[in-house]
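Asker: My questions all concern the structure below.
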Number of protein chains: 2
Amino acid sequence: MKPNIKDIARLAGVSSTTVSRVLNNRGYISIQTREKVQKAIKKLNYHPNDLARSLYHKHTYFIGLIFPTTANPFFGELVSDIENECASQGYKVFLCNSLGRADKEIKYLNMLQRNQVDGIIVGAHNRNIPEYRQANLPIVAIDRYLSNKIPVISSDNFLGGKLATNWLLEQGCRNIIHICGPHELETPANRRRDGYEEVMRSAGKKPIIYELAEMLPDNRTDVVRRVFTEQPEVDGIFASDDLIAATVLSESKKYRRLNCNHIKVVGYDGTETVRTCLPQLTTIEQPIHQIAWEAVRILLSQINGEFQSSDNEILLPIKLVVGTP
Amino acid sequence: MKPNIKDIARLAGVSSTTVSRVLNNRGYISIQTREKVQKAIKKLNYHPNDLARSLYHKHTYFIGLIFPTTANPFFGELVSDIENECASQGYKVFLCNSLGRADKEIKYLNMLQRNQVDGIIVGAHNRNIPEYRQANLPIVAIDRYLSNKIPVISSDNFLGGKLATNWLLEQGCRNIIHICGPHELETPANRRRDGYEEVMRSAGKKPIIYELAEMLPDNRTDVVRRVFTEQPEVDGIFASDDLIAATVLSESKKYRRLNCNHIKVVGYDGTETVRTCLPQLTTIEQPIHQIAWEAVRILLSQINGEFQSSDNEILLPIKLVVGTP
DNA sequence: TTACATATGTCAATCGGTTGTCATATAATT
DNA sequence: AATTATATGACAACCGATTGACATATGTAA
């Protein structure tokens with residue numbers, strides 16, 4: 001059986017109050033007693049039960065992370081950065097992969113509340129989920145509006161869309177198409193599309209948009225192929241994430257064999273992984289470290305009751321990274 | 001303040017024992033009472049405190065995941081799959097990114113024990129850490145020997161190394177070099193290198209191995225460049241993971257401008273992400289879903305006291321995936 | 001009428017710590 | 001000698017639930 005504080009007290013020949021005092025550095029403790037206790041702790045390989053502690057203190061140092069999936073390199077990097085930042089501040093994270101399913105998301109939210117998390121960081125992409133508003137809990141959203149009380153961290157999606165489209169124009173593209181992920185209401189990421197539309201209209205061109213039904217690999221290929229067959233004149237594509245852009249590149253290679261068109265592509269996210277695999281891809285780089293850092297900072301400020309309403313909406317800068325030739 | 005079971009009892013006009021009976025479906029409860037209680041739960045947005053429950057039952061349904069980082073697509077996909085499988089069995093996961101640092105790993109192990117996890121899945125890559133043996137806890141390791149009592153899940157690294165090297169030989173490569181990650185003791189992943197060495201020796205060739213000092217992007221580029229300058233005759237590279245392989249590809253593109261060598265490359269892992277970005281890369285595909293599934297299955301069998309010693313070492317099949325032309 | 005199933009309540013112990021209050025004892029200071 | 005700082009223990013309440021034992025109602029079936 002796992003030892004408890006009484007076992008330690010017995011072995012060290014002291015009271016459990018004294019053990020608690022050693023563990024928490026409170027009150028007077030002689031060096032001899034401290035050492036006796038620490039020796040007993042080592043000997044029995046004792047680990048104080050943090051659940052009991054948390055129960056008493058009503059503070060768990062748990063944080064819930066709800067994201068679509070760490071299998072996507074953008075979320076994989078973001079979650080890794082968030083977890084690091086949390087760990088360095090003494091918080092532990094529950095990972096929840098919602099897989100784009102609203103029902104999973106609601107179940108996770110419920111689970112996190114039952115487990116008394118101190119706060120939640122949400123980057124999942126589902127339709128409006130009212131449960132977030134009722135959850136009377138510190139929450140931070142990444143690239144998503146949950147309610148007007150829940151702070152949002154975004155990077156400058158609108159500017160990103162504009163920069164991407166402008167770059168394609170500068171490269172001499174005449175027929176630029178935008179391919180984006182499944183459309184959701186009130187997602188700041190939709191502003192990428194707005195940026196694209198604005199630049200297109202300013203240039204006197206008609207925006208053409210293709211939308212994925214779901215965020216699946218097969219789906220990406222299907223849509224990209226449809227673009228190539230339905231839009232034979234296309235010479236520029238702005239993809240709303242790098243994996244779609246990668247699919248465009250590989251499909252266009254096959255296509256190019258039949259057709260000598262050159263197609264310029266711009267992606268979105270600029271993760272380390274995709275930059276390593278496809279350095280030739282031009283992309284809009286999101287400041288992942290900064291997003292993670294701000295999300296944790298704002299969540300902890302809520303948890304510690306120091307939230308500034310100026311932090312209710314954070315817009316971080318993006319950067320166009322031109323691919324290596 | 002958050003409501004507790006007594007608040008629900010008071011509002012529903014019943015005793016807290018009755019509320020507990022409703023929550024746990026025990027004993028006799030009339031439909032009317034059940035409805036009164038459920039209405040009170042909804043009204044107060046009550047979430048039973050699972051920490052208190054866990055404390056009493058000595059069972060948390062928590063599982064700790066210790067991995068290098070979800071920023072690496074292999075671990076990102078693996079962690080996502082593991083989390084999914086856990087969630088579908090009612091378990092919640094703590095995510096721990098050790099970042100290849102043994103000190104972090106030990107701290108995480110400690111933290112997980114203090115938080116009474118029911119078990120741990122370790123995929124981190126550090127030197128021998130004796131703390132795992134003392135931790136009197138169900139543990140499963142992925143591609144790593146922790147102790148003879150801790151079951152290991154691996155894919156067939158030795159065969160992978162052989163298949164990769166053989167393929168390069170079949171492609172007509174004469175000077176095949178192996179680049180691998182930082183070398184650790186007793187890691188089954190080192191068998192990839194053994195497979196390479198065996199095939200090379202059988203072919204009467206001398207194995208040449210370059211090793212990364214650390215798993216960092218800059219490091220990869222440095223080593224790859226060193227290979228190109230120090231081994232001008234190289235025409236085949238077996239990289240021990242896809243990101244190294246990707247770096248070889250992109251560096252060789254630059255190199256090819258100065259030198260008309262063609263270099264064939266084989267990577268390792270075959271993640272969805274890298275397959276999407278670099279479908280032309282030949283690679284050894286690890287069965288990520290299966291690894292995740294087996295890891296969870298074996299961990300839960302330990303937790304439920306149904307562990308079969310035949311599961312002490314699981315070897316899963318790998319597959320050579322030839323890149324698209 | 002007796003027996004049993006159904007329905008609910010009271011009460012206390014338990015899980016593993018934390019913390020405040022009091023008591024007590026030794027040692028160091030004034 | 002009186003005061004104060006140091007060191008430890010005993011005890012109980014508390015955090016929020018679970019559970020078993022026991023009491024006490026009904027309602028229903030034998």
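Convention: chains lettered A, B, ... in structure tokens order; per-chain residue numbering from 1; ligands numbered from 1 as shown.
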Could you write out as JSON, numbers by chain the residues of chain A within 7 Å of chain C, counting only C-alpha atoms (C1' of nucleotides)?
Answerer: {"A": [4, 49, 52, 53, 56]}
Asker: Can you check which residues of chain D have any atom within 9 Å of chain A? Use only C-alpha atoms (C1' of nucleotides) and format it as a PyMOL selection string.
Answerer: chain D and resi 6-10+14-16
Asker: With N, CA, C and O atoms (P, O5', C5', C4', C3', O3' and C1' of nucleotides) retained, export the selected residues as a PDB file, in the first residue's frame.
Answerer:
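Now in part08.pdb:
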ATOM      1  P    DT D   6      13.337  31.993  17.256  1.00  0.00           P
ATOM      2  O5'  DT D   6      13.325  30.504  17.807  1.00  0.00           O
ATOM      3  C5'  DT D   6      14.495  29.995  18.438  1.00  0.00           C
ATOM      4  C4'  DT D   6      14.265  28.572  18.883  1.00  0.00           C
ATOM      5  C3'  DT D   6      13.760  27.620  17.792  1.00  0.00           C
ATOM      6  O3'  DT D   6      14.622  26.499  17.768  1.00  0.00           O
ATOM      7  C1'  DT D   6      12.477  27.388  19.759  1.00  0.00           C
ATOM      8  P    DA D   7      14.456  25.419  16.586  1.00  0.00           P
ATOM      9  O5'  DA D   7      13.464  24.389  17.271  1.00  0.00           O
ATOM     10  C5'  DA D   7      13.911  23.674  18.424  1.00  0.00           C
ATOM     11  C4'  DA D   7      12.849  22.694  18.851  1.00  0.00           C
ATOM     12  C3'  DA D   7      12.146  21.955  17.707  1.00  0.00           C
ATOM     13  O3'  DA D   7      12.376  20.564  17.929  1.00  0.00           O
ATOM     14  C1'  DA D   7      10.575  22.739  19.287  1.00  0.00           C
ATOM     15  P    DT D   8      11.889  19.533  16.792  1.00  0.00           P
ATOM     16  O5'  DT D   8      10.468  19.143  17.346  1.00  0.00           O
ATOM     17  C5'  DT D   8      10.395  18.224  18.430  1.00  0.00           C
ATOM     18  C4'  DT D   8       8.998  18.172  18.965  1.00  0.00           C
ATOM     19  C3'  DT D   8       7.956  17.544  18.056  1.00  0.00           C
ATOM     20  O3'  DT D   8       7.839  16.171  18.405  1.00  0.00           O
ATOM     21  C1'  DT D   8       7.098  19.322  19.400  1.00  0.00           C
ATOM     22  P    DG D   9       6.714  15.270  17.698  1.00  0.00           P
ATOM     23  O5'  DG D   9       5.503  15.485  18.711  1.00  0.00           O
ATOM     24  C5'  DG D   9       5.731  15.319  20.115  1.00  0.00           C
ATOM     25  C4'  DG D   9       4.396  15.419  20.822  1.00  0.00           C
ATOM     26  C3'  DG D   9       3.266  14.713  20.086  1.00  0.00           C
ATOM     27  O3'  DG D   9       2.470  13.986  21.010  1.00  0.00           O
ATOM     28  C1'  DG D   9       2.686  16.993  20.426  1.00  0.00           C
ATOM     29  P    DA D  10       1.455  12.879  20.485  1.00  0.00           P
ATOM     30  O5'  DA D  10       0.122  13.256  21.259  1.00  0.00           O
ATOM     31  C5'  DA D  10       0.152  14.217  22.303  1.00  0.00           C
ATOM     32  C4'  DA D  10      -1.224  14.843  22.454  1.00  0.00           C
ATOM     33  C3'  DA D  10      -2.346  14.090  21.735  1.00  0.00           C
ATOM     34  O3'  DA D  10      -3.478  14.051  22.595  1.00  0.00           O
ATOM     35  C1'  DA D  10      -2.258  16.325  20.941  1.00  0.00           C
ATOM     36  P    DC D  14     -15.903  22.648  11.146  1.00  0.00           P
ATOM     37  O5'  DC D  14     -15.070  22.494   9.803  1.00  0.00           O
ATOM     38  C5'  DC D  14     -13.912  23.302   9.591  1.00  0.00           C
ATOM     39  C4'  DC D  14     -13.228  22.855   8.317  1.00  0.00           C
ATOM     40  C3'  DC D  14     -14.182  22.316   7.256  1.00  0.00           C
ATOM     41  O3'  DC D  14     -14.059  23.078   6.083  1.00  0.00           O
ATOM     42  C1'  DC D  14     -12.305  20.873   7.540  1.00  0.00           C
ATOM     43  P    DC D  15     -15.348  23.168   5.090  1.00  0.00           P
ATOM     44  O5'  DC D  15     -14.701  22.821   3.687  1.00  0.00           O
ATOM     45  C5'  DC D  15     -13.379  23.185   3.354  1.00  0.00           C
ATOM     46  C4'  DC D  15     -12.835  22.220   2.338  1.00  0.00           C
ATOM     47  C3'  DC D  15     -13.933  21.446   1.608  1.00  0.00           C
ATOM     48  O3'  DC D  15     -14.170  22.028   0.336  1.00  0.00           O
ATOM     49  C1'  DC D  15     -12.111  20.014   2.314  1.00  0.00           C
ATOM     50  P    DG D  16     -15.679  22.182  -0.187  1.00  0.00           P
ATOM     51  O5'  DG D  16     -16.027  20.723  -0.709  1.00  0.00           O
ATOM     52  C5'  DG D  16     -15.317  20.218  -1.833  1.00  0.00           C
ATOM     53  C4'  DG D  16     -15.762  18.802  -2.067  1.00  0.00           C
ATOM     54  C3'  DG D  16     -17.281  18.618  -2.068  1.00  0.00           C
ATOM     55  O3'  DG D  16     -17.599  17.802  -3.175  1.00  0.00           O
ATOM     56  C1'  DG D  16     -16.291  17.100  -0.576  1.00  0.00           C
TER      57       DG D  16
END
Asker: Could you list, as a count of residues only, every residue within 8 Å of Thr165 in chain A, counting only C-alpha atoms (C1' of nucleotides) and ignoring same-chain residues fewer than 5 positions away?
Answerer: 6
Asker: For chain A, which residues have at least one atom within 8 Å of chain B, if we go by only C-alpha atoms? Write them as an MDAnalysis selection string, please.
Answerer: chainID A and resid 45 47:52 55 69:73 76:80 83:84 92:97 110 113:116 134:135 217 243 246:247 250 273:274 276:279
Asker: Filtering to N, CA and C atoms, could you give me those residues as a CSV table (one decimal), in the first residue's frame?
Answerer:
chain,number,residue,atom,x,y,z
A,45,ASN,N,9.7,6.0,0.0
A,45,ASN,CA,9.3,6.6,-1.3
A,45,ASN,C,8.0,7.2,-1.2
A,47,HIS,N,5.1,10.1,-1.4
A,47,HIS,CA,4.7,11.3,-2.2
A,47,HIS,C,3.5,11.8,-1.6
A,48,PRO,N,3.5,13.0,-1.1
A,48,PRO,CA,2.3,13.6,-0.4
A,48,PRO,C,1.2,13.6,-1.4
A,49,ASN,N,0.0,13.3,-1.0
A,49,ASN,CA,-1.2,13.2,-1.8
A,49,ASN,C,-1.7,14.6,-2.2
A,50,ASP,N,-1.4,15.1,-3.4
A,50,ASP,CA,-1.8,16.4,-3.8
A,50,ASP,C,-3.3,16.6,-3.9
A,51,LEU,N,-4.0,15.5,-4.1
A,51,LEU,CA,-5.5,15.6,-4.2
A,51,LEU,C,-6.0,16.0,-2.9
A,52,ALA,N,-5.5,15.4,-1.8
A,52,ALA,CA,-6.0,15.8,-0.5
A,52,ALA,C,-5.7,17.2,-0.2
A,55,LEU,N,-7.9,19.4,-2.2
A,55,LEU,CA,-9.3,19.4,-1.7
A,55,LEU,C,-9.4,20.4,-0.6
A,69,THR,N,-6.4,18.6,-32.1
A,69,THR,CA,-5.6,17.4,-32.0
A,69,THR,C,-4.1,17.9,-32.1
A,70,THR,N,-3.3,17.3,-31.2
A,70,THR,CA,-1.8,17.5,-31.3
A,70,THR,C,-1.2,16.9,-32.5
A,71,ALA,N,-2.0,16.1,-33.3
A,71,ALA,CA,-1.5,15.5,-34.5
A,71,ALA,C,-1.3,16.6,-35.6
A,72,ASN,N,-2.0,17.7,-35.5
A,72,ASN,CA,-1.7,18.8,-36.3
A,72,ASN,C,-0.5,19.6,-35.8
A,73,PRO,N,0.5,19.8,-36.7
A,73,PRO,CA,1.7,20.4,-36.2
A,73,PRO,C,1.5,21.8,-35.5
A,76,GLY,N,0.2,20.9,-32.2
A,76,GLY,CA,1.3,20.1,-31.5
A,76,GLY,C,2.3,21.1,-30.9
A,77,GLU,N,2.7,22.1,-31.7
A,77,GLU,CA,3.7,23.0,-31.2
A,77,GLU,C,3.1,24.0,-30.2
A,78,LEU,N,1.9,24.4,-30.4
A,78,LEU,CA,1.2,25.3,-29.5
A,78,LEU,C,1.0,24.7,-28.1
A,79,VAL,N,0.5,23.5,-28.2
A,79,VAL,CA,0.3,22.7,-26.9
A,79,VAL,C,1.6,22.5,-26.2
A,80,SER,N,2.6,22.1,-26.9
A,80,SER,CA,3.9,21.9,-26.2
A,80,SER,C,4.4,23.2,-25.5
A,83,GLU,N,2.2,23.9,-22.5
A,83,GLU,CA,2.4,23.0,-21.4
A,83,GLU,C,3.7,23.4,-20.7
A,84,ASN,N,4.7,23.8,-21.5
A,84,ASN,CA,6.0,24.2,-20.9
A,84,ASN,C,5.8,25.4,-20.0
A,92,LYS,N,-0.2,22.0,-13.9
A,92,LYS,CA,-0.2,20.8,-14.7
A,92,LYS,C,-1.3,20.8,-15.6
A,93,VAL,N,-1.1,20.2,-16.8
A,93,VAL,CA,-2.2,20.3,-17.8
A,93,VAL,C,-2.8,19.0,-18.1
A,94,PHE,N,-4.2,19.0,-18.3
A,94,PHE,CA,-4.9,17.9,-18.8
A,94,PHE,C,-5.1,18.2,-20.3
A,95,LEU,N,-4.7,17.2,-21.1
A,95,LEU,CA,-4.8,17.3,-22.5
A,95,LEU,C,-6.1,16.8,-23.0
A,96,CYS,N,-6.8,17.6,-23.8
A,96,CYS,CA,-8.1,17.1,-24.4
A,96,CYS,C,-8.1,17.4,-25.9
A,97,ASN,N,-8.2,16.3,-26.7
A,97,ASN,CA,-8.2,16.4,-28.1
A,97,ASN,C,-9.7,16.3,-28.6
A,110,ASN,N,-17.0,19.4,-19.2
A,110,ASN,CA,-17.6,18.8,-18.0
A,110,ASN,C,-16.6,18.1,-17.1
A,113,GLN,N,-14.3,20.4,-15.3
A,113,GLN,CA,-14.9,21.0,-14.1
A,113,GLN,C,-15.0,20.1,-12.9
A,114,ARG,N,-15.4,18.8,-13.2
A,114,ARG,CA,-15.4,17.8,-12.1
A,114,ARG,C,-14.1,17.7,-11.5
A,115,ASN,N,-13.0,17.8,-12.3
A,115,ASN,CA,-11.7,17.7,-11.7
A,115,ASN,C,-11.1,19.0,-11.2
A,116,GLN,N,-11.9,20.0,-11.0
A,116,GLN,CA,-11.6,21.2,-10.3
A,116,GLN,C,-10.4,21.9,-10.9
A,134,GLN,N,-21.6,29.3,-19.0
A,134,GLN,CA,-22.0,28.9,-17.7
A,134,GLN,C,-20.9,28.5,-16.8
A,135,ALA,N,-19.9,27.9,-17.4
A,135,ALA,CA,-18.7,27.5,-16.6
A,135,ALA,C,-18.2,28.7,-16.0
A,217,PRO,N,-7.1,14.4,-44.1
A,217,PRO,CA,-6.2,14.4,-45.2
A,217,PRO,C,-6.9,14.1,-46.6
A,243,LEU,N,-0.9,22.6,-44.3
A,243,LEU,CA,-1.1,21.3,-44.8
A,243,LEU,C,-1.9,21.3,-46.1
A,246,ALA,N,0.6,22.3,-48.6
A,246,ALA,CA,1.4,21.1,-49.0
A,246,ALA,C,0.7,20.2,-50.0
A,247,THR,N,-0.6,20.0,-49.7
A,247,THR,CA,-1.4,19.2,-50.6
A,247,THR,C,-1.4,19.8,-52.0
A,250,SER,N,1.9,19.2,-53.8
A,250,SER,CA,2.2,17.8,-54.3
A,250,SER,C,1.2,17.5,-55.4
A,273,THR,N,7.9,22.3,-38.0
A,273,THR,CA,7.8,21.1,-38.7
A,273,THR,C,7.6,21.3,-40.2
A,274,VAL,N,6.7,22.1,-40.6
A,274,VAL,CA,6.4,22.4,-42.0
A,274,VAL,C,7.6,23.2,-42.6
A,276,THR,N,10.6,22.9,-41.8
A,276,THR,CA,11.7,21.9,-42.0
A,276,THR,C,11.4,21.0,-43.3
A,277,CYS,N,10.1,20.6,-43.4
A,277,CYS,CA,9.8,19.7,-44.5
A,277,CYS,C,9.7,20.5,-45.8
A,278,LEU,N,9.2,21.7,-45.8
A,278,LEU,CA,8.9,22.4,-47.0
A,278,LEU,C,9.4,23.8,-46.9
A,279,PRO,N,10.7,24.0,-46.8
A,279,PRO,CA,11.3,25.4,-46.7
A,279,PRO,C,11.0,26.2,-47.9
Asker: Run DSSP on the backbone and give me the residues of range 63-224 of chain A it puts in strand (DSSP E or B), as an MDAnalysis selection string.
Answerer: chainID A and resid 63:67 92:97 119:122 139:142 152:155 176:180 208:211
Asker: Write the selection just made, keeping N, CA and C atoms, as a compact mmCIF listing (two decimals), in the first residue's frame?
Answerer:
# COMPACT_ATOMS: atom_id res chain seq x y z
N ILE A 63 -4.73 22.77 -15.15
CA ILE A 63 -5.26 23.58 -16.24
C ILE A 63 -5.69 22.64 -17.36
N GLY A 64 -6.86 22.89 -17.91
CA GLY A 64 -7.35 22.06 -19.00
C GLY A 64 -7.00 22.68 -20.34
N LEU A 65 -6.55 21.84 -21.28
CA LEU A 65 -6.28 22.31 -22.64
C LEU A 65 -7.21 21.60 -23.59
N ILE A 66 -8.07 22.34 -24.25
CA ILE A 66 -8.96 21.73 -25.23
C ILE A 66 -8.55 22.19 -26.62
N PHE A 67 -8.01 21.28 -27.41
CA PHE A 67 -7.55 21.59 -28.77
C PHE A 67 -8.03 20.50 -29.71
N LYS A 92 -0.17 22.02 -13.92
CA LYS A 92 -0.15 20.76 -14.66
C LYS A 92 -1.32 20.78 -15.63
N VAL A 93 -1.13 20.17 -16.80
CA VAL A 93 -2.19 20.29 -17.80
C VAL A 93 -2.85 18.95 -18.14
N PHE A 94 -4.16 19.03 -18.25
CA PHE A 94 -4.93 17.93 -18.81
C PHE A 94 -5.06 18.17 -20.30
N LEU A 95 -4.67 17.18 -21.10
CA LEU A 95 -4.79 17.35 -22.54
C LEU A 95 -6.11 16.77 -23.03
N CYS A 96 -6.84 17.56 -23.81
CA CYS A 96 -8.11 17.11 -24.37
C CYS A 96 -8.11 17.36 -25.88
N ASN A 97 -8.17 16.30 -26.68
CA ASN A 97 -8.23 16.43 -28.13
C ASN A 97 -9.67 16.30 -28.58
N GLY A 119 -8.40 26.53 -14.44
CA GLY A 119 -8.70 27.32 -15.64
C GLY A 119 -8.58 26.46 -16.89
N ILE A 120 -9.02 27.03 -18.01
CA ILE A 120 -9.03 26.27 -19.26
C ILE A 120 -8.51 27.15 -20.40
N ILE A 121 -7.72 26.55 -21.27
CA ILE A 121 -7.32 27.23 -22.50
C ILE A 121 -7.93 26.45 -23.66
N VAL A 122 -8.74 27.13 -24.46
CA VAL A 122 -9.47 26.47 -25.53
C VAL A 122 -8.97 26.93 -26.88
N ILE A 139 -11.16 31.23 -18.26
CA ILE A 139 -10.98 30.60 -19.57
C ILE A 139 -10.28 31.59 -20.49
N VAL A 140 -9.42 31.07 -21.34
CA VAL A 140 -8.83 31.87 -22.40
C VAL A 140 -9.06 31.13 -23.70
N ALA A 141 -9.45 31.84 -24.73
CA ALA A 141 -9.66 31.20 -26.03
C ALA A 141 -8.56 31.62 -26.99
N ILE A 142 -8.17 30.70 -27.83
CA ILE A 142 -7.18 31.03 -28.85
C ILE A 142 -7.88 31.00 -30.20
N VAL A 152 -9.73 36.57 -25.83
CA VAL A 152 -9.31 35.86 -27.03
C VAL A 152 -7.89 36.28 -27.40
N ILE A 153 -7.08 35.30 -27.73
CA ILE A 153 -5.76 35.59 -28.28
C ILE A 153 -5.80 35.22 -29.75
N SER A 154 -5.47 36.14 -30.61
CA SER A 154 -5.38 35.80 -32.03
C SER A 154 -4.12 36.42 -32.59
N SER A 155 -3.70 35.89 -33.70
CA SER A 155 -2.70 36.65 -34.44
C SER A 155 -3.47 37.38 -35.53
N ILE A 176 -6.22 33.93 -58.59
CA ILE A 176 -5.87 33.49 -57.24
C ILE A 176 -7.10 32.95 -56.53
N ILE A 177 -6.92 31.76 -56.00
CA ILE A 177 -8.03 31.08 -55.31
C ILE A 177 -7.67 30.87 -53.86
N HIS A 178 -8.67 30.93 -53.03
CA HIS A 178 -8.45 30.68 -51.60
C HIS A 178 -9.08 29.35 -51.23
N ILE A 179 -8.28 28.51 -50.55
CA ILE A 179 -8.85 27.25 -50.03
C ILE A 179 -8.78 27.34 -48.52
N CYS A 180 -9.91 27.13 -47.87
CA CYS A 180 -9.87 27.24 -46.42
C CYS A 180 -10.50 26.03 -45.75
N ILE A 208 -12.49 33.71 -55.31
CA ILE A 208 -13.05 32.37 -55.46
C ILE A 208 -12.57 31.53 -54.29
N ILE A 209 -13.53 30.97 -53.59
CA ILE A 209 -13.17 30.27 -52.35
C ILE A 209 -13.65 28.83 -52.36
N TYR A 210 -12.75 27.94 -52.01
CA TYR A 210 -13.10 26.53 -51.84
C TYR A 210 -12.97 26.19 -50.37
N GLU A 211 -13.90 25.41 -49.89
CA GLU A 211 -13.93 25.15 -48.45
C GLU A 211 -13.89 23.65 -48.18
Asker: DSSP on the backbone: what in range 150-211 of chain B comes out helix (DSSP H, G or I), as a ChimeraX atom specification?
Answerer: /B:157-170,188-202
